[in-house]
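The structure file run_19.cif is reproduced below (mmCIF, C-alpha atoms).
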```
data_final
#
loop_
_atom_site.group_PDB
_atom_site.id
_atom_site.type_symbol
_atom_site.label_atom_id
_atom_site.label_comp_id
_atom_site.auth_asym_id
_atom_site.auth_seq_id
_atom_site.Cartn_x
_atom_site.Cartn_y
_atom_site.Cartn_z
ATOM 1 C CA MET A 1 0.000 0.000 0.000
ATOM 2 C CA ASP A 2 1.075 3.625 -0.380
ATOM 3 C CA PHE A 3 2.012 6.066 2.397
ATOM 4 C CA GLY A 4 -1.436 7.700 2.466
ATOM 5 C CA LYS A 5 -3.086 4.346 3.139
ATOM 6 C CA ALA A 6 -0.445 3.611 5.802
ATOM 7 C CA ILE A 7 -1.328 6.883 7.565
ATOM 8 C CA GLU A 8 -5.031 5.998 7.398
ATOM 9 C CA ALA A 9 -4.236 2.565 8.892
ATOM 10 C CA LEU A 10 -2.331 4.274 11.745
ATOM 11 C CA LYS A 11 -5.377 6.452 12.422
ATOM 12 C CA GLN A 12 -7.473 3.283 12.663
ATOM 13 C CA GLY A 13 -5.166 1.865 15.357
ATOM 14 C CA GLU A 14 -3.115 -0.440 13.124
ATOM 15 C CA LYS A 15 0.655 -0.949 13.207
ATOM 16 C CA VAL A 16 2.410 -0.459 9.863
ATOM 17 C CA ALA A 17 5.863 -1.094 8.405
ATOM 18 C CA ARG A 18 7.685 -1.007 5.086
ATOM 19 C CA ARG A 19 8.846 -4.264 3.536
ATOM 20 C CA GLY A 20 11.939 -2.300 2.421
ATOM 21 C CA TRP A 21 13.153 -1.573 5.957
ATOM 22 C CA ASN A 22 16.256 -3.593 6.742
ATOM 23 C CA GLY A 23 15.542 -3.921 10.480
ATOM 24 C CA LYS A 24 13.437 -6.949 11.310
ATOM 25 C CA GLY A 25 10.445 -6.380 13.559
ATOM 26 C CA MET A 26 10.362 -2.598 13.079
ATOM 27 C CA PHE A 27 6.946 -0.930 12.913
ATOM 28 C CA LEU A 28 5.082 2.337 13.489
ATOM 29 C CA TRP A 29 2.037 3.148 15.581
ATOM 30 C CA LEU A 30 0.136 6.306 16.398
ATOM 31 C CA LYS A 31 0.271 7.468 20.008
ATOM 32 C CA PRO A 32 -2.869 9.569 20.469
ATOM 33 C CA ALA A 33 -3.054 12.961 22.137
ATOM 34 C CA ALA A 34 -3.409 12.815 25.929
ATOM 35 C CA GLU A 35 -3.411 14.873 29.112
ATOM 36 C CA ILE A 36 -0.184 14.176 31.032
ATOM 37 C CA LYS A 37 -0.224 14.538 34.830
ATOM 38 C CA LYS A 38 2.861 15.868 36.596
ATOM 39 C CA GLU A 39 3.051 12.832 38.883
ATOM 40 C CA TRP A 40 3.413 10.533 35.874
ATOM 41 C CA CYS A 41 6.519 12.382 34.615
ATOM 42 C CA LYS A 42 9.992 10.944 35.030
ATOM 43 C CA ASP A 43 11.425 13.658 32.787
ATOM 44 C CA PRO A 44 12.129 16.667 35.057
ATOM 45 C CA ILE A 45 11.516 19.229 32.309
ATOM 46 C CA LEU A 46 8.172 17.662 31.417
ATOM 47 C CA ALA A 47 7.237 17.567 35.120
ATOM 48 C CA GLU A 48 8.141 21.249 35.428
ATOM 49 C CA LEU A 49 6.047 22.163 32.376
ATOM 50 C CA ALA A 50 3.066 20.243 33.756
ATOM 51 C CA GLU A 51 3.493 21.906 37.169
ATOM 52 C CA GLU A 52 3.605 25.372 35.563
ATOM 53 C CA ASN A 53 0.420 24.501 33.666
ATOM 54 C CA GLY A 54 -1.598 23.641 36.780
ATOM 55 C CA GLY A 55 -0.491 20.011 37.174
ATOM 56 C CA THR A 56 -1.215 18.656 33.703
ATOM 57 C CA ILE A 57 -0.099 19.372 30.164
ATOM 58 C CA HIS A 58 -1.570 18.403 26.822
ATOM 59 C CA ALA A 59 0.556 16.041 24.723
ATOM 60 C CA LEU A 60 -0.111 16.072 20.982
ATOM 61 C CA GLY A 61 -0.462 12.829 19.086
ATOM 62 C CA THR A 62 2.709 11.467 17.474
ATOM 63 C CA ILE A 63 3.922 8.606 15.311
ATOM 64 C CA CYS A 64 6.206 6.241 17.241
ATOM 65 C CA MET A 65 8.570 3.574 15.904
ATOM 66 C CA PHE A 66 9.551 0.264 17.457
ATOM 67 C CA THR A 67 13.159 -0.157 16.348
ATOM 68 C CA HIS A 68 16.648 -1.008 17.626
ATOM 69 C CA ASP A 69 19.418 1.241 18.916
ATOM 70 C CA SER A 70 23.018 1.218 17.653
ATOM 71 C CA SER A 71 23.918 -1.690 19.947
ATOM 72 C CA GLY A 72 20.993 -3.784 18.692
ATOM 73 C CA ARG A 73 18.777 -3.359 21.772
ATOM 74 C CA LYS A 74 15.033 -2.979 21.226
ATOM 75 C CA ALA A 75 14.054 0.699 21.446
ATOM 76 C CA ILE A 76 11.206 3.162 20.961
ATOM 77 C CA LEU A 77 11.594 6.289 18.838
ATOM 78 C CA THR A 78 8.960 8.932 19.608
ATOM 79 C CA GLY A 79 8.297 11.460 16.869
ATOM 80 C CA TRP A 80 9.294 9.354 13.845
ATOM 81 C CA LEU A 81 9.628 11.351 10.622
ATOM 82 C CA ALA A 82 9.159 9.903 7.135
ATOM 83 C CA SER A 83 11.897 10.156 4.516
ATOM 84 C CA GLN A 84 11.064 10.935 0.895
ATOM 85 C CA SER A 85 11.467 7.239 0.108
ATOM 86 C CA ASP A 86 9.056 6.359 2.925
ATOM 87 C CA MET A 87 6.489 8.762 1.458
ATOM 88 C CA LEU A 88 6.901 7.745 -2.192
ATOM 89 C CA LEU A 89 7.299 3.966 -2.096
ATOM 90 C CA GLU A 90 4.347 1.606 -2.038
ATOM 91 C CA ASP A 91 5.712 -1.254 0.060
ATOM 92 C CA TRP A 92 3.779 -0.373 3.212
ATOM 93 C CA GLU A 93 1.876 -3.127 5.000
ATOM 94 C CA ILE A 94 -0.169 -3.621 8.126
ATOM 95 C CA VAL A 95 1.652 -5.773 10.678
ATOM 96 C CA PRO A 96 0.082 -7.967 13.364
#
```

Once you've parsed the file, please lay out its structure as structure tokens.
Amino acid sequence: MDFGKAIEALKQGEKVARRGWNGKGMFLWLKPAAEIKKEWCKDPILAELAEENGGTIHALGTICMFTHDSSGRKAILTGWLASQSDMLLEDWEIVP
């Protein structure tokens, strides 16, 4: 499928990936917008921002990637951005 259909699948709660990615098991999902409470925050800057905003702060939705770091450990990338190849190729698929 093309990138537009992959985005629509993300909006429907599906996980998607490109067959052309060389990392096995990599996929994307959409993390929806949410209200973040200060007491949930392990990041001190995020906790400070929530505190300054009355104890909560709005988090916008974002595309996240399940991937691997440079040492091969499983990792999460928040705020994944598509390359031109990602947007133009039609090897997207829904993954279980």

**Report entry** Chain and number of each residue from the PyMOL selection byres ((chain A and resi 9-20) around 10), as a PyMOL selection string
**Finding:** chain A and resi 1-8+21-32+63-66+85-86+89-96

Requested in this report: List every protein, DNA or RNA residue that has at least one atom no more than 6 Å from (3.7, 17.9, 36.5) in the file's coordinates, counting all atoms listed in the file, and write the result as number ranges by chain.
Outcome: A: 37-39, 47-48, 50-51, 55-56

Requested in this report: Counting only C-alpha atoms, write as a ChimeraX atom specification all protein and nucleic acid residues lying at most 10 Å from (-2.7, 18.0, 25.3) in the file's frame.
Outcome: /A:32-36,56-61

Report summary line: From CA of Ser70 (chain A) to CA of Ser83 (chain A) the spacing works out at 19.4 Å

Taking all atoms of region 67-73 of chain A that appear in the file, build a box with edges along x, y and z, extend it by 8 Å on every side, and state its centre and edge lengths in Å to one decimal, as lines of an AutoDock Vina configuration file.
```
center_x = 18.5
center_y = -1.3
center_z = 19.1
size_x = 26.8
size_y = 21.0
size_z = 21.4
```

Report summary line: Correct to one decimal, the distance CA of Thr78 (chain A)-CA of Gly54 (chain A) is 25.0 Å
